[in-house]
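Peer 1: Okay, here's the structure, questions in a sec.
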Amino acid sequence: MGGSIFLLVAAPFVGSFLGVLVERLPVGRPVVMGRSHCDACGHALGPLELLPVVSWLLSRRRCRHCGARLSLFYPMIELAASLVAAWALVVVPWPLAAATAGLGWVLLALAEIDLRHLILPDVLTLPLMLAGLVLAAFTPQMQLADHLVGAVAGFLVLWLVATLYRRLRGREGLGLGDAKLFAAAGAWVGWQGLASVLLIGAVGGLLWAIAAVAVGRGRAPHEPLGFGPFLAAGLWLTWLYGPLGLS
């Protein structure tokens, strides 16, 4: 019980850190060392201005120093991180729920970065893959060999798809970041779960594209769309509920 409460209390603070990670990592800004500040006036934020969600509400969504409107991004990712922790605790027994929340938090950051910048940084995908293999090695109900095969197969499948697409169409279709994220998926769910991750991701991407067209925000035919968020959703759901069609 104590661990579960700690996870729920820590979740919005983790979400706040994820917000910093999303905004700074892709553009090469220091993630840990640099202090948080108002983007409009540059004023460094104090501890009471960094309380997740609460500070944003108490400030009436404006900087206390210059009056600039504060972005909705931080409270939203803080709430999303809390939802991830609660979801993990509902579905997965403790202490595996802690590892599950960690998985969800990294996937949340990767999805947002890919939506913004169309990249999946190695500094997140590779440790995520390693974490899946380590977890498989120390969890009795998981077979490490299945997860090693899953990691290798996950990378090779999307690497092959990306290579064939590039040779046939003369342009990039998938990046190596997608292949590395799919390798991480294999490390977590084993080779048995890869088809489900890919199917959920493909269907999710298709539905997203259809919805975008329906609301008038469809992309041009050659405009890239990050596949990372949909792979992340496929990995998350497959890890929580198992491969499709299996009990």
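All residue names refer to the structure tokens as shown: chains lettered A, B, ... in order, residues numbered from 1 in each chain, ligands numbered from 1 in order.
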What are the DSSP alpha helix (DSSP H) residues of range 126-243 of chain A, as number ranges by chain?

Peer 2: A: 126-138, 144-169, 176-189, 194-214, 228-241

Peer 1: Kindly provide the residues of range 117-200 of chain A that approach range 106-111 of chain A to within 9 Å, each paired with its closest atom pair and their distance in Å to one decimal, based on only C-alpha atoms, listed by chain and increasing number, as a Markdown table.

Peer 2:
| residue | atom | partner | partner_atom | distance |
| --- | --- | --- | --- | --- |
| A:Ile119 | CA | A:Leu110 | CA | 8.4 |
| A:Leu120 | CA | A:Leu110 | CA | 6.1 |
| A:Pro121 | CA | A:Leu110 | CA | 7.7 |
| A:Leu124 | CA | A:Val106 | CA | 7.0 |
| A:Thr125 | CA | A:Leu110 | CA | 8.1 |
| A:Leu128 | CA | A:Val106 | CA | 7.6 |

Peer 1: Choose the residue, out of A:Gly2, A:Leu89, A:Arg116, A:Leu103, that has the smallest atom-to-atom separation from Val22 in chain A; count only C-alpha atoms.

Peer 2: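 Closest to Val22 in chain A, using only C-alpha atoms: A:Arg116.
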
Peer 1: I'd like the neighbourhood of range 135-146 of chain A as a PDB file with N, CA, C and O atoms, in the first residue's frame, where a residue qualifies if any of its atoms comes within 6 Å (using only C-alpha atoms), though same-chain residues fewer than 3 positions away should be ignored.

Peer 2:
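Contents of out.pdb, freshly written:
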ATOM      1  N   GLY A 132      13.672  -3.514 -20.384  1.00  0.00           N
ATOM      2  CA  GLY A 132      12.795  -4.652 -20.650  1.00  0.00           C
ATOM      3  C   GLY A 132      13.519  -5.973 -20.517  1.00  0.00           C
ATOM      4  O   GLY A 132      12.978  -6.944 -19.960  1.00  0.00           O
ATOM      5  N   VAL A 149      14.923 -12.507 -28.310  1.00  0.00           N
ATOM      6  CA  VAL A 149      14.487 -12.715 -29.693  1.00  0.00           C
ATOM      7  C   VAL A 149      13.539 -11.595 -30.118  1.00  0.00           C
ATOM      8  O   VAL A 149      13.626 -11.081 -31.245  1.00  0.00           O
ATOM      9  N   GLY A 190       8.202  -9.592 -25.491  1.00  0.00           N
ATOM     10  CA  GLY A 190       8.641 -10.820 -26.133  1.00  0.00           C
ATOM     11  C   GLY A 190       8.226 -10.857 -27.600  1.00  0.00           C
ATOM     12  O   GLY A 190       7.420 -10.054 -28.059  1.00  0.00           O
ATOM     13  N   TRP A 191       8.766 -11.835 -28.311  1.00  0.00           N
ATOM     14  CA  TRP A 191       8.429 -11.923 -29.732  1.00  0.00           C
ATOM     15  C   TRP A 191       6.947 -12.212 -29.930  1.00  0.00           C
ATOM     16  O   TRP A 191       6.356 -11.828 -30.946  1.00  0.00           O
TER      17      TRP A 191
END

Peer 1: Determine, counting only C-alpha atoms, which protein, DNA and RNA residues have an atom within 6 Å of an atom of Gly15 in chain A; residues of the same chain fewer than 2 positions away are not included. Present the result as a short mmCIF file (atom, residue, chain, number, x, y, z; two decimals) with N, CA, C and O atoms, in the first residue's frame.

Peer 2:
data_model
loop_
_atom_site.label_atom_id
_atom_site.label_comp_id
_atom_site.auth_asym_id
_atom_site.auth_seq_id
_atom_site.Cartn_x
_atom_site.Cartn_y
_atom_site.Cartn_z
N PRO A 12 2.85 13.06 -10.56
CA PRO A 12 2.80 14.40 -11.18
C PRO A 12 4.15 15.09 -11.20
O PRO A 12 4.44 15.87 -12.13
N PHE A 13 5.01 14.82 -10.24
CA PHE A 13 6.37 15.40 -10.26
C PHE A 13 7.19 14.77 -11.39
O PHE A 13 7.96 15.46 -12.05
N PHE A 17 8.88 16.62 -14.75
CA PHE A 17 10.20 16.36 -15.32
C PHE A 17 10.08 15.93 -16.78
O PHE A 17 10.90 16.34 -17.62
N LEU A 18 9.09 15.11 -17.09
CA LEU A 18 8.89 14.70 -18.47
C LEU A 18 8.63 15.91 -19.37
O LEU A 18 9.09 15.95 -20.52
N ILE A 77 0.66 17.15 -19.13
CA ILE A 77 1.57 16.01 -19.06
C ILE A 77 1.72 15.52 -17.61
O ILE A 77 1.94 14.34 -17.35
N GLU A 78 1.56 16.42 -16.65
CA GLU A 78 1.56 16.01 -15.24
C GLU A 78 0.35 15.14 -14.92
O GLU A 78 0.47 14.12 -14.23
N ALA A 81 0.87 11.74 -16.63
CA ALA A 81 1.77 10.87 -15.86
C ALA A 81 1.05 10.26 -14.66
O ALA A 81 1.30 9.10 -14.30
#

Peer 1: List as a VMD selection string the protein and nucleic acid residues near Gly226 in chain A, meaning an atom at most 10 Å away when only C-alpha atoms are counted, but skip any in the same chain fewer than 6 places from it.

Peer 2: chain A and resid 111 to 120 173 to 175 178 205

Peer 1: Can you write out the residues you just picked, keeping C-alpha atoms, as a PDB file, in the first residue's frame?

Peer 2:
ATOM      1  CA  ALA A 111       5.274   9.940 -28.053  1.00  0.00           C
ATOM      2  CA  GLU A 112       5.260  13.678 -27.390  1.00  0.00           C
ATOM      3  CA  ILE A 113       8.780  14.169 -28.751  1.00  0.00           C
ATOM      4  CA  ASP A 114       7.935  12.261 -31.924  1.00  0.00           C
ATOM      5  CA  LEU A 115       4.754  14.275 -32.410  1.00  0.00           C
ATOM      6  CA  ARG A 116       6.718  17.496 -32.128  1.00  0.00           C
ATOM      7  CA  HIS A 117      10.027  16.694 -33.793  1.00  0.00           C
ATOM      8  CA  LEU A 118       9.629  13.366 -35.635  1.00  0.00           C
ATOM      9  CA  ILE A 119      12.497  11.832 -33.681  1.00  0.00           C
ATOM     10  CA  LEU A 120      12.792   9.077 -31.092  1.00  0.00           C
ATOM     11  CA  GLY A 173       9.211   6.166 -44.707  1.00  0.00           C
ATOM     12  CA  LEU A 174      10.308   4.944 -41.280  1.00  0.00           C
ATOM     13  CA  GLY A 175      13.317   6.022 -39.264  1.00  0.00           C
ATOM     14  CA  ASP A 178      10.918   3.468 -34.938  1.00  0.00           C
ATOM     15  CA  GLY A 205      -2.149   5.608 -37.031  1.00  0.00           C
TER      16      GLY A 205
END
